[in-house]
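Undergrad: Before anything else, here's the structure in question.
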Amino acid sequence: MTGDAFLDEVTTHLLAAGGKRLRPVLALATATSGTAPATREDLLGAVAVELVHLASLYHDDVMDEATMRRNVESVNARFGNLVAIVAGDFLLARSPRSPPASGVEIAALLAATLGELCQGQVAEVRAAFRVDRSRDEYSSAISGKTASLMATSCRIGALTGGLDRARWTPSRKFGRCFGMIFQVRDDILDVVGTEADLGKPAGQDIAEGIYTLRSRDARRPGPRARAA
């Protein structure tokens, strides 16, 4: 909490709305190997990755002009774009400060991940309304905008949990693969899911010209349509 009532309200708006908390779960599962009790540093590492994720949602909703997130009014819709952007920046600034003992290394990991997040987002923006977007371009974009933070979540968990160095790379690789699968699933749901399933309007990607693998397939006529 910041001590500023308004900023606290803005920065906790989506936290109070719930969410899957997948990234902190990945960090904690890696740190504890699913059996050992979590330490204070493990918990703070998990908080750090969740704050980065939360900040990315604030910024994404401004870019997408979204009105709903997690079945509640989005931050930008409720407080305005400027407040949403600044609040997202504040959350980013707070994230590296969380873990004490491994703070420098974790801050470096988060900084590198922020770069990947931005690269992935820029790649997606550049591909908007491009019907010739390739599978490789799609994979590269989601690797940056989604899978990179999940990979870092596992890497931070390995660090705070004191795992052997031999397990760092496999942990990070698992996180990236998990993130890729998660995003593909999310993109499928955007086409076939409902607003209740998603916590936000369905079909938003197609409306914004973000042609994912599933939406590209959905736009192609089947054999009968071609014959007609």
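So you can find residues: chains in the structure tokens are A, B, ... in the order shown, residues in each start at 1, and ligands are numbered from 1 in order.
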If you run DSSP over the backbone, which residues in chain A end up strand (DSSP E or B)? Put them as a PDB file with all heavy atoms, in the first residue's frame.
TA:
```pdb
ATOM      1  N   MET A  68     -13.662  -4.059 -20.250  1.00  0.00           N
ATOM      2  CA  MET A  68     -13.851  -5.086 -19.219  1.00  0.00           C
ATOM      3  C   MET A  68     -12.570  -5.889 -19.052  1.00  0.00           C
ATOM      4  O   MET A  68     -11.836  -6.125 -20.006  1.00  0.00           O
ATOM      5  CB  MET A  68     -14.992  -6.033 -19.602  1.00  0.00           C
ATOM      6  CG  MET A  68     -16.356  -5.389 -19.681  1.00  0.00           C
ATOM      7  SD  MET A  68     -17.010  -4.952 -18.059  1.00  0.00           S
ATOM      8  CE  MET A  68     -17.273  -6.573 -17.339  1.00  0.00           C
ATOM      9  N   ARG A  69     -12.322  -6.305 -17.825  1.00  0.00           N
ATOM     10  CA  ARG A  69     -11.195  -7.189 -17.518  1.00  0.00           C
ATOM     11  C   ARG A  69     -11.564  -7.937 -16.234  1.00  0.00           C
ATOM     12  O   ARG A  69     -11.954  -7.328 -15.257  1.00  0.00           O
ATOM     13  CB  ARG A  69      -9.916  -6.381 -17.327  1.00  0.00           C
ATOM     14  CG  ARG A  69      -8.746  -7.148 -16.750  1.00  0.00           C
ATOM     15  CD  ARG A  69      -8.099  -8.069 -17.757  1.00  0.00           C
ATOM     16  NE  ARG A  69      -7.414  -7.348 -18.826  1.00  0.00           N
ATOM     17  CZ  ARG A  69      -6.662  -7.950 -19.769  1.00  0.00           C
ATOM     18  NH1 ARG A  69      -6.547  -9.263 -19.769  1.00  0.00           N
ATOM     19  NH2 ARG A  69      -6.088  -7.237 -20.705  1.00  0.00           N
ATOM     20  N   VAL A  72     -14.913  -7.214 -14.489  1.00  0.00           N
ATOM     21  CA  VAL A  72     -15.170  -5.899 -13.897  1.00  0.00           C
ATOM     22  C   VAL A  72     -14.747  -4.834 -14.903  1.00  0.00           C
ATOM     23  O   VAL A  72     -14.094  -5.124 -15.903  1.00  0.00           O
ATOM     24  CB  VAL A  72     -14.409  -5.690 -12.561  1.00  0.00           C
ATOM     25  CG1 VAL A  72     -14.833  -6.716 -11.536  1.00  0.00           C
ATOM     26  CG2 VAL A  72     -12.899  -5.735 -12.780  1.00  0.00           C
ATOM     27  N   GLU A  73     -15.111  -3.601 -14.630  1.00  0.00           N
ATOM     28  CA  GLU A  73     -14.719  -2.493 -15.488  1.00  0.00           C
ATOM     29  C   GLU A  73     -13.204  -2.376 -15.510  1.00  0.00           C
ATOM     30  O   GLU A  73     -12.551  -2.469 -14.462  1.00  0.00           O
ATOM     31  CB  GLU A  73     -15.335  -1.197 -14.945  1.00  0.00           C
ATOM     32  CG  GLU A  73     -15.322  -0.043 -15.913  1.00  0.00           C
ATOM     33  CD  GLU A  73     -16.054   1.168 -15.354  1.00  0.00           C
ATOM     34  OE1 GLU A  73     -16.278   1.223 -14.120  1.00  0.00           O
ATOM     35  OE2 GLU A  73     -16.414   2.046 -16.145  1.00  0.00           O
TER      36      GLU A  73
END
```
Undergrad: Could you give me the residues within stretch 24-130 of chain A that DSSP places in helix (DSSP H, G or I), as an NGL selection string?
TA: :A and (24-32 or 40-64 or 75-79 or 81-97 or 103-126)
Undergrad: For atom CA of A:Leu26 and atom CA of A:Phe182, determine how far apart the two atoms are, in Å to one decimal place.
TA: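 Distance reported for this atom pair: 12.8 Å.
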Undergrad: Please indicate the distance in Å from atom CA of A:Ala123 to atom CA of A:Leu15, rounded to one decimal place.
TA: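 Separating atom CA of A:Ala123 from atom CA of A:Leu15 is a distance of 27.9 Å.
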Undergrad: Can you pull out every residue within 8 Å of stretch 126-131 of chain A, counting only C-alpha atoms, but drop anything in the same chain fewer than 4 positions away, and send it as JSON, numbers by chain?
TA: {"A": [122, 208, 209, 210, 211, 216]}
Undergrad: Give me a file of those residues, with all heavy atoms, as a compact mmCIF listing (two decimals), in the first residue's frame.
TA:
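Result written to again.txt:
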```
# COMPACT_ATOMS: atom_id res chain seq x y z
N VAL A 122 4.99 -5.05 -29.66
CA VAL A 122 5.23 -4.27 -30.87
C VAL A 122 5.05 -5.14 -32.10
O VAL A 122 4.45 -4.72 -33.10
CB VAL A 122 6.63 -3.64 -30.85
CG1 VAL A 122 7.00 -3.07 -32.22
CG2 VAL A 122 6.71 -2.53 -29.80
N GLU A 208 -9.87 -6.26 -33.52
CA GLU A 208 -8.71 -5.37 -33.55
C GLU A 208 -7.71 -5.72 -34.65
O GLU A 208 -6.66 -5.10 -34.76
CB GLU A 208 -8.00 -5.40 -32.19
CG GLU A 208 -8.84 -4.84 -31.05
CD GLU A 208 -8.23 -5.16 -29.70
OE1 GLU A 208 -7.14 -5.77 -29.66
OE2 GLU A 208 -8.86 -4.81 -28.68
N GLY A 209 -8.04 -6.74 -35.45
CA GLY A 209 -7.16 -7.13 -36.53
C GLY A 209 -5.98 -7.95 -36.09
O GLY A 209 -4.99 -8.08 -36.82
N ILE A 210 -6.05 -8.55 -34.89
CA ILE A 210 -4.99 -9.43 -34.42
C ILE A 210 -5.36 -10.84 -34.82
O ILE A 210 -6.14 -11.52 -34.14
CB ILE A 210 -4.81 -9.33 -32.89
CG1 ILE A 210 -4.56 -7.88 -32.49
CG2 ILE A 210 -3.67 -10.22 -32.42
CD1 ILE A 210 -3.33 -7.26 -33.13
N TYR A 211 -4.80 -11.29 -35.96
CA TYR A 211 -5.19 -12.58 -36.51
C TYR A 211 -4.29 -13.67 -35.94
O TYR A 211 -3.15 -13.84 -36.36
CB TYR A 211 -5.12 -12.54 -38.03
CG TYR A 211 -6.03 -11.49 -38.64
CD1 TYR A 211 -5.66 -10.78 -39.77
CD2 TYR A 211 -7.27 -11.21 -38.06
CE1 TYR A 211 -6.49 -9.82 -40.32
CE2 TYR A 211 -8.11 -10.24 -38.60
CZ TYR A 211 -7.71 -9.56 -39.73
OH TYR A 211 -8.54 -8.60 -40.26
N ARG A 216 -7.33 -17.05 -37.94
CA ARG A 216 -6.99 -17.17 -39.36
C ARG A 216 -7.71 -18.36 -39.96
O ARG A 216 -8.25 -18.31 -41.06
CB ARG A 216 -5.48 -17.34 -39.54
CG ARG A 216 -4.68 -16.07 -39.32
CD ARG A 216 -3.21 -16.35 -39.46
NE ARG A 216 -2.92 -16.89 -40.78
CZ ARG A 216 -1.74 -17.43 -41.11
NH1 ARG A 216 -0.79 -17.52 -40.21
NH2 ARG A 216 -1.53 -17.89 -42.32
```
Undergrad: Name the residues in contact with A:Ala16 at a cut-off of 12 Å, using only C-alpha atoms, excluding same-chain residues fewer than 6 positions from it; report them as a VMD selection string.
TA: chain A and resid 8 to 10 54 69 to 73 75
Undergrad: What does the file look like for those residues with N, CA and C atoms, as a short mmCIF file (atom, residue, chain, number, x, y, z; two decimals), in the first residue's frame?
TA:
```cif
data_model
loop_
_atom_site.label_atom_id
_atom_site.label_comp_id
_atom_site.auth_asym_id
_atom_site.auth_seq_id
_atom_site.Cartn_x
_atom_site.Cartn_y
_atom_site.Cartn_z
N ASP A 8 -3.85 3.68 -4.26
CA ASP A 8 -4.09 2.33 -3.76
C ASP A 8 -5.33 1.72 -4.41
N GLU A 9 -6.37 2.53 -4.58
CA GLU A 9 -7.59 2.04 -5.21
C GLU A 9 -7.33 1.62 -6.65
N VAL A 10 -6.58 2.44 -7.37
CA VAL A 10 -6.31 2.15 -8.78
C VAL A 10 -5.43 0.91 -8.93
N LEU A 54 0.45 -7.61 -13.83
CA LEU A 54 -0.64 -6.67 -13.59
C LEU A 54 -0.42 -5.37 -14.35
N ARG A 69 -12.32 -6.30 -17.83
CA ARG A 69 -11.20 -7.19 -17.52
C ARG A 69 -11.56 -7.94 -16.23
N ARG A 70 -11.46 -9.25 -16.25
CA ARG A 70 -11.79 -10.08 -15.09
C ARG A 70 -13.23 -9.83 -14.59
N ASN A 71 -14.10 -9.63 -15.56
CA ASN A 71 -15.54 -9.43 -15.28
C ASN A 71 -15.84 -8.15 -14.50
N VAL A 72 -14.91 -7.21 -14.49
CA VAL A 72 -15.17 -5.90 -13.90
C VAL A 72 -14.75 -4.83 -14.90
N GLU A 73 -15.11 -3.60 -14.63
CA GLU A 73 -14.72 -2.49 -15.49
C GLU A 73 -13.20 -2.38 -15.51
N VAL A 75 -9.42 -0.76 -15.79
CA VAL A 75 -8.87 0.41 -15.09
C VAL A 75 -8.98 1.65 -15.96
#
```
Undergrad: Of the candidates A:Asn81, A:Thr2, A:Ser74, A:Thr212, which one gets nearest to A:Val184 if we count only C-alpha atoms?
TA: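 Result for the nearest residue to A:Val184: A:Thr212.
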